[in-house]
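Structure, as C-alpha cells:
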Amino acid sequence: MSATAVHSLWTTAAEPISKIDAPKIEYGQLAPTLIIVGAAIVGILVEAFVPRKSRYYVQMFVSVVAIAAAFAAVVALAADGYGTTKAHIAAMGAIAVDGPALFLQGTILLAALVGLFTFAERRLDPVVHGNRVDSFAAQAASVPGSESEKAAVRAGFTTTEVFPLLLFAVAGMLIFPAANDLLTLFVALEVFSLPLYLLCALARRKRLMSQEAAVKYFLLGAFASAFTLFGIALLYGYAGSMSYATIAQVVDGTVQDVNPALAGTMGNDALLLVGAALLVMGLLFKVGAVPFHMWTPDVYQGAPTPVTGFMAAATKVAAFGALLRVLYVVLPGLRWDWRPVMWAVAIITMLGGAIVAITQTDIKRLLAYSSIAHAGFILAGVIATTPDGVSSVLFYLAAYSFVTIGAFAVVTLVRDAGGEATHLSKWAGLGRRSPLVAAVFAVFLLAFAGIPLTSGFAGKFAVFKAAAEGGAAPLVVVGVISSAIAAFFYIRVIVLMFFSEPRPEGPTVAVPSPLTMTAIGVGVAVTLVLGVAPQYFLDLAGQAGVFVR
C-alpha cells in the first residue's frame with residue numbers, strides 16, 4: 001500500500017469529528033458520591049500534613065462529617081422526588097438516579113457510619129507503652145514480629161490511613177448499585193475492592209493470619225474481576241454498547257438502528273449467554289454465593305473484626321444492588337435462561353451455608369457461613385422478578401447490614417490474653433459473666449435466625465412472600481428448611497452462653513468506649529424496630545423498588 005493511500009485513509013477517518021462536546025454532569029444528583037470522594041482525598045492530605053498526634057481526631061471528624069453530609073444529600077434527593085417521579089439517568093448515561101440506587105446508597109452510608117465507630121474504638125486493647133491502641137497494626141509496612149514493628153508499637157504509632165481507605169471503599173460502593181453502564185460498574189467494583197484488600201491485612205494481633213486473609217481475598221477477587229471484565233467484553237461485542245438500556249434493547253430485539261456490524265453479532269447468542277454468565281459470576285463472587293464463596297470464611301476470620309463487620313454489611317448491599325440492576329434492567333429478556341441457574345445457586349447457597357455452619361468452632365467463621373446462607377435467602381427475592389421482589393430485597397439488605405455490624409462489634413468485646421477470643425469454647429458461660437453482652441448477642445443471633453419480633457423475621461417473610469408470588473414456591477420450602485437448620489446453630493451459641501458453666505480461665509469482656517456502644521446500640525434498635533414495626537420501612541422500600549430504564 002503506497003504512502004499516499006495510507007495518508008488518505010488517515011485523513012478521511014479523522015474528518016467527521018468537528019468538536020468534542022464537554023460532558024454534562026449533574027453535580028447535585030451525584031453529590032453523595034462526590035462528598036465521600038472529596039473527604040477521602042482530604043483524608044490523604046491529612047496523613048501527609050497533620051502531625052501524628054492529631055491525625056486520629058482530624059480523620060474521625062472528616063469521616064463522620066462526610067458520611068453524615070452524604071446521607072443528608074441522599075435524603076434531600078429522595079425528598080425532591082429523584083427516587084420516584086424524577087428518576088433518570090445522570091452523568092451522560094453512566095449513573096442511574098432512581099429509587100433502588102438512593103435506598104441502597106442511604107443504607108451503605110448508615111452502615112459505613114456505624115462501621116466507622118468500630119474502626120475508631122481505642123479502649124478494648126490494654127494500653128501499650130502509655131498509648132491507647134485500636135484494632136489496626138502499628139505500622140502496616142513492617143514485617144510481623146520484626147524490630148521495626150516493635151519500635152513502632154513502642155512509639156505508639158497507629159494506622160490512621162484506615163479512615164480514608166474506608167471512605168474510598170464507600171465511594172465505590174455508592175456507585176456500584178447505581179452504575180448504568182458496564183464500564184462504570186467495573187470501575188466502581190475496583191474502587192471499592194482495592195481498599196478492602198488492604199484493610200483486611202491490617203490486624204494488630206494475629207498479623208500473619210490477617211495478611212494471609214488479604215492475599216486470599218486479593219487473588220480470588222482478581223480472578224472474579226477478570227471474569228467480570230471478560231463478560232463485559234463479550235456483552236460489548238454482542239450489543240456494540242456498554243449502556244444497560246442499549247444492551248437490553250438488543251437482547252429484546254427492540255433496538256432501532258441496526259448497522260451491518262451489529263446485525264452480524266446480534267444473532268450470536270453464544271456471546272450473549274457466555275458474557276452474561278461471566279458478568280453475573282463476578283457479582284455472585286462479591287455477594288458470597290456458593291460456589292463462589294470460598295474466600296468468605298477465611299477472610300472474615302483473618303481480617304480485623306471492625307473491617308469484617310463493615311465488609312460483611314456494606315459489600316453485600318452494594319453487590320446485591322448491582323446484581324438486581326443487571327438482571328432486571330440489562331437482562332430481563334434473558335429471564336428464561338438466568339432464572340433456572342439462579343434457582344440452583346440460591347438452593348445450594350442456602351443449604352450449603354446452613355449445613356457447613358453447624359461444624360464451625362470459630363465465632364467469626366460461623367458468622368461467615370451464616371452470611372453465605374443469608375445470601376441465598378436474598379437470592380430468593382431476586383428470583384421473584386417482580387416489583388415486590390426488589391423491595392423485599394432492599395428491606396432485607398437494610399435489616400441485615402445493621403444486625404451484622406452489631407454482631408461483629410460484640411465479637412470485638414470478648415477478649416483474652418491473645419486479643420479477641422473467637423473460639424466458641426471460650427464463649428461458654430458468657431451469660432453469667434456478662435449478662436448484658438450475652439443478651440445483646442442473643443438478640444442478633446435470633447435476628448439472623450429469623451425469629452418473630454426481630455428484623456430478620458420481617459426480612460425473610462418479605463423475601464419468601466415475594467418469591468412464592470413470583471412462582472418460586474419450591475424455593476421457599478428449601479428456604480424454610482435452611483432457616484430451620486440455621487436456627488439450630490444460632491440457638492446452640494445462645495445455649496452455650498447462658499446454660500454452660502463459665503471456665504475459670506475464660507475470657508473477659510472489655511468495656512468499650514461510647515463509639516462501640518453506639519454501634520451495638522444502633523444495631524439492637526434497628527433490629528427491634530424493623531421487627532416490631534416494619535411497615536413504614538417496607539413501604540419505603542416499596543416506593544423505592546422501581547428501576548429507571
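Chain identifiers are assigned as A, B, and so on, following the order in which chains appear in the C-alpha cells; residues are numbered from 1 within each chain, and ligands are numbered from 1 in order of appearance.
Near A:Gln105, within 10 Å and counting only C-alpha atoms, sit A:Pro32, A:Thr33, A:Ala70, A:Phe71, A:Val74, A:Val75, A:Gly99, A:Pro100, A:Ala101, A:Leu102, A:Ile108, A:Leu109, A:Leu110, A:Ala111, A:Val170, A:Ala171, A:Met173, A:Leu174, A:Ile175, A:Phe176, A:Pro177, A:Ala178, A:Ala314, A:Val317, A:Ala318, A:Gly321; same-chain residues fewer than 3 positions away were not included.
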Considering only C-alpha atoms, give me a table of residues in stretch 343-450 of chain A that are at most 6 Å from stretch 501-520 of chain A, with the closest atom pair and distance in Å for each, as a tab-separated table.
```
residue	atom	partner	partner_atom	distance
A:Gly406	CA	A:Ile520	CA	4.7
A:Leu413	CA	A:Ala510	CA	5.1
A:Val414	CA	A:Val509	CA	4.7
A:Arg415	CA	A:Pro507	CA	5.3
A:Asp416	CA	A:Pro507	CA	4.6
A:Lys426	CA	A:Gly506	CA	5.8
A:Ala428	CA	A:Pro502	CA	5.6
A:Gly429	CA	A:Pro502	CA	3.9
```
For the residues in the current selection, export C-alpha atoms as a short mmCIF file (atom, residue, chain, number, x, y, z; two decimals), in the first residue's frame.
```
data_model
loop_
_atom_site.label_atom_id
_atom_site.label_comp_id
_atom_site.auth_asym_id
_atom_site.auth_seq_id
_atom_site.Cartn_x
_atom_site.Cartn_y
_atom_site.Cartn_z
CA GLY A 406 -23.72 -5.11 65.64
CA LEU A 413 -15.56 -7.13 73.17
CA VAL A 414 -14.86 -10.75 74.22
CA ARG A 415 -11.10 -10.94 74.88
CA ASP A 416 -8.35 -12.98 76.44
CA LYS A 426 -14.29 -19.61 75.15
CA ALA A 428 -19.20 -20.86 77.34
CA GLY A 429 -20.91 -19.27 80.34
#
```
With only C-alpha atoms as the basis for distance, which of A:Thr85, A:Thr296, A:Thr254, A:Asn268 is at the shortest distance from A:Gly221?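 Ranked by minimum distance to A:Gly221, first place goes to A:Thr296.
Atom CA of A:Asp252 to atom CA of A:Ile95 spans 22.1 Å [interatomic distance, one decimal].
With distances restricted to only C-alpha atoms, A:Leu165 is the closest residue to A:Glu47 from A:Ala73, A:Ala68, A:Leu271, A:Leu165.
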Could you give me, as a ChimeraX atom specification, the residues within 10 Å of A:Gly450, counting only C-alpha atoms and dropping anything in the same chain fewer than 2 positions from it? /A:444-448,452-461,483-484,486-487,531
How would the residues just chosen look if you wrote them out with C-alpha atoms as a JSON list (two decimals), in the first residue's frame?
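Output (result.json):
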```json
[["chain", "number", "residue", "atom", "x", "y", "z"],
["A", 444, "PHE", "CA", -28.54, -10.50, 66.97],
["A", 445, "LEU", "CA", -28.44, -14.32, 66.69],
["A", 446, "LEU", "CA", -32.23, -14.52, 66.94],
["A", 447, "ALA", "CA", -32.50, -11.89, 64.19],
["A", 448, "PHE", "CA", -30.14, -13.94, 61.99],
["A", 452, "PRO", "CA", -40.52, -13.17, 65.05],
["A", 453, "LEU", "CA", -40.27, -9.63, 66.52],
["A", 454, "THR", "CA", -36.78, -9.21, 65.02],
["A", 455, "SER", "CA", -35.85, -7.56, 61.72],
["A", 456, "GLY", "CA", -34.66, -10.94, 60.42],
["A", 457, "PHE", "CA", -38.19, -12.35, 60.55],
["A", 458, "ALA", "CA", -39.70, -9.35, 58.72],
["A", 459, "GLY", "CA", -36.98, -9.53, 56.06],
["A", 460, "LYS", "CA", -37.26, -13.28, 55.50],
["A", 461, "PHE", "CA", -41.05, -13.10, 55.42],
["A", 483, "SER", "CA", -33.71, -21.46, 58.15],
["A", 484, "ALA", "CA", -34.56, -24.33, 60.49],
["A", 486, "ALA", "CA", -29.52, -22.37, 60.61],
["A", 487, "ALA", "CA", -31.65, -21.75, 63.71],
["A", 531, "GLY", "CA", -39.01, -6.45, 63.72]]
```
Determine which residues of stretch 220-437 of chain A DSSP labels as strand (DSSP E or B) from the backbone of this structure, then write them out as a PyMOL selection string. chain A and resi 243+362+414-416+419-420+423
Go ahead and write the selection's residues with N, CA, C and O atoms as a short mmCIF file (atom, residue, chain, number, x, y, z; two decimals), in the first residue's frame.
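Output saved as part_30.cif:
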```cif
data_model
loop_
_atom_site.label_atom_id
_atom_site.label_comp_id
_atom_site.auth_asym_id
_atom_site.auth_seq_id
_atom_site.Cartn_x
_atom_site.Cartn_y
_atom_site.Cartn_z
N SER A 243 -23.90 0.56 27.40
CA SER A 243 -25.05 1.10 28.14
C SER A 243 -26.05 0.00 28.45
O SER A 243 -26.40 -0.82 27.59
N ASP A 362 -15.31 -21.58 65.31
CA ASP A 362 -14.85 -20.20 65.50
C ASP A 362 -16.03 -19.27 65.23
O ASP A 362 -16.73 -19.44 64.22
N VAL A 414 -15.21 -9.55 73.44
CA VAL A 414 -14.86 -10.75 74.22
C VAL A 414 -13.38 -11.05 74.00
O VAL A 414 -12.98 -11.41 72.90
N ARG A 415 -12.56 -10.91 75.07
CA ARG A 415 -11.10 -10.94 74.88
C ARG A 415 -10.41 -11.82 75.90
O ARG A 415 -10.89 -11.99 77.01
N ASP A 416 -9.26 -12.34 75.48
CA ASP A 416 -8.35 -12.98 76.44
C ASP A 416 -6.95 -12.42 76.19
O ASP A 416 -6.81 -11.41 75.50
N GLY A 419 -5.84 -11.35 72.62
CA GLY A 419 -6.71 -10.48 71.82
C GLY A 419 -8.13 -11.01 71.86
O GLY A 419 -8.60 -11.47 72.91
N GLU A 420 -8.81 -10.96 70.73
CA GLU A 420 -10.21 -11.43 70.70
C GLU A 420 -10.28 -12.94 70.90
O GLU A 420 -9.53 -13.68 70.28
N HIS A 423 -12.79 -18.41 69.60
CA HIS A 423 -13.14 -19.83 69.62
C HIS A 423 -14.41 -20.03 70.44
O HIS A 423 -14.55 -19.48 71.53
#
```
Among A:Leu540, A:Leu331, A:Ala137, A:Ile494, A:Ala277 is approached most closely, using only C-alpha atoms, by A:Leu331
Using DSSP assignments from the backbone, pull out every residue in stretch 177-337 of chain A that falls under alpha helix (DSSP H) and give it to me as a VMD selection string. chain A and resid 182 to 200 207 to 239 244 to 252 260 to 266 269 to 287 295 to 302 305 to 310 316 to 325 335 to 337
Using only C-alpha atoms, which of the listed residues (A:Phe186, A:Phe292, A:Trp427, A:Phe119) sits closest to A:Met311?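 Looking only at the distances to A:Met311, the closest residue turns out to be A:Phe119.
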How many Å separate atom CA of A:Ala344 from atom CA of A:Leu327? 15.9 Å
Which polymer residues have any atom within 8 Å of an atom of A:Ala346, counting only C-alpha atoms, with same-chain residues fewer than 6 positions away left out, as number ranges by chain? A: 289, 375-377, 379-380
Residues as selected, N, CA and C atoms, written as a PDB file, in the first residue's frame, can you do that?
```
ATOM      1  N   ALA A 289     -22.039 -16.023  47.177  1.00  0.00           N
ATOM      2  CA  ALA A 289     -22.950 -17.147  46.937  1.00  0.00           C
ATOM      3  C   ALA A 289     -22.137 -18.398  46.598  1.00  0.00           C
ATOM      4  N   ALA A 375     -27.119 -14.851  51.947  1.00  0.00           N
ATOM      5  CA  ALA A 375     -27.051 -14.507  50.515  1.00  0.00           C
ATOM      6  C   ALA A 375     -28.047 -15.354  49.735  1.00  0.00           C
ATOM      7  N   GLY A 376     -28.177 -16.626  50.137  1.00  0.00           N
ATOM      8  CA  GLY A 376     -29.150 -17.498  49.477  1.00  0.00           C
ATOM      9  C   GLY A 376     -30.576 -17.034  49.685  1.00  0.00           C
ATOM     10  N   PHE A 377     -30.886 -16.598  50.925  1.00  0.00           N
ATOM     11  CA  PHE A 377     -32.246 -16.117  51.197  1.00  0.00           C
ATOM     12  C   PHE A 377     -32.546 -14.877  50.349  1.00  0.00           C
ATOM     13  N   LEU A 379     -31.208 -14.098  47.516  1.00  0.00           N
ATOM     14  CA  LEU A 379     -31.350 -14.501  46.108  1.00  0.00           C
ATOM     15  C   LEU A 379     -32.773 -14.982  45.801  1.00  0.00           C
ATOM     16  N   ALA A 380     -33.457 -15.539  46.809  1.00  0.00           N
ATOM     17  CA  ALA A 380     -34.846 -15.957  46.600  1.00  0.00           C
ATOM     18  C   ALA A 380     -35.703 -14.751  46.198  1.00  0.00           C
TER      19      ALA A 380
END
```
Atomic distance atom CA of A:Ser391 - atom CA of A:Ala319, expressed in Å with one decimal: 15.6 Å
With only C-alpha atoms as the counted atoms, please give the residues lying no more than 10 Å from A:Lys286, apart from itself and same-chain residues fewer than 4 positions off, as an MDAnalysis selection string. chainID A and resid 189 193 221 224:225 281:282 292:293 295:296 315:316 318:320 323
Who sits within 8 Å of A:Val478, only C-alpha atoms, same chain under 3 positions skipped, as a list of chain:residue names: A:Ile347, A:Met350, A:Leu351, A:Pro474, A:Leu475, A:Ile481, A:Ser482
Given the selection you just returned, output its residues as a file containing N, CA, C and O atoms, formatted as a PDB file, in the first residue's frame.
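Result file is selection33.pdb:
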```pdb
ATOM      1  N   ILE A 347     -30.460 -22.325  45.940  1.00  0.00           N
ATOM      2  CA  ILE A 347     -30.694 -23.539  46.750  1.00  0.00           C
ATOM      3  C   ILE A 347     -29.390 -24.025  47.378  1.00  0.00           C
ATOM      4  O   ILE A 347     -29.314 -24.272  48.595  1.00  0.00           O
ATOM      5  N   MET A 350     -28.246 -21.516  50.163  1.00  0.00           N
ATOM      6  CA  MET A 350     -28.994 -21.603  51.429  1.00  0.00           C
ATOM      7  C   MET A 350     -28.597 -22.861  52.205  1.00  0.00           C
ATOM      8  O   MET A 350     -28.260 -22.800  53.388  1.00  0.00           O
ATOM      9  N   LEU A 351     -28.625 -24.005  51.512  1.00  0.00           N
ATOM     10  CA  LEU A 351     -28.342 -25.273  52.204  1.00  0.00           C
ATOM     11  C   LEU A 351     -26.864 -25.380  52.574  1.00  0.00           C
ATOM     12  O   LEU A 351     -26.516 -25.773  53.691  1.00  0.00           O
ATOM     13  N   PRO A 474     -41.325 -23.767  45.472  1.00  0.00           N
ATOM     14  CA  PRO A 474     -40.391 -24.798  45.971  1.00  0.00           C
ATOM     15  C   PRO A 474     -39.140 -24.190  46.620  1.00  0.00           C
ATOM     16  O   PRO A 474     -38.595 -24.731  47.578  1.00  0.00           O
ATOM     17  N   LEU A 475     -38.718 -23.034  46.088  1.00  0.00           N
ATOM     18  CA  LEU A 475     -37.543 -22.354  46.639  1.00  0.00           C
ATOM     19  C   LEU A 475     -37.815 -21.916  48.078  1.00  0.00           C
ATOM     20  O   LEU A 475     -36.941 -21.978  48.941  1.00  0.00           O
ATOM     21  N   ILE A 481     -36.566 -24.760  55.232  1.00  0.00           N
ATOM     22  CA  ILE A 481     -35.758 -25.865  55.786  1.00  0.00           C
ATOM     23  C   ILE A 481     -34.364 -25.354  56.178  1.00  0.00           C
ATOM     24  O   ILE A 481     -33.853 -25.650  57.263  1.00  0.00           O
ATOM     25  N   SER A 482     -33.772 -24.543  55.290  1.00  0.00           N
ATOM     26  CA  SER A 482     -32.438 -23.987  55.590  1.00  0.00           C
ATOM     27  C   SER A 482     -32.495 -23.105  56.835  1.00  0.00           C
ATOM     28  O   SER A 482     -31.577 -23.120  57.663  1.00  0.00           O
TER      29      SER A 482
END
```
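In this comparison, which uses only C-alpha atoms, the residue of A:Phe408, A:Ile89, A:Ser425, A:Tyr217 approaching A:Leu496 most closely is A:Ser425.
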Give me the residues near stretch 40-42 of chain A as a list in words, where near means some atom within 9 Å (using only C-alpha atoms) and where sequence neighbours in that chain fewer than 6 positions away do not count.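 Final neighbour list, sorted by chain and number: Gln59, Val62, Ser63, Ala66, Phe163, Pro164, Leu165, Leu166, Leu167, Phe168 and Ala171 of chain A.
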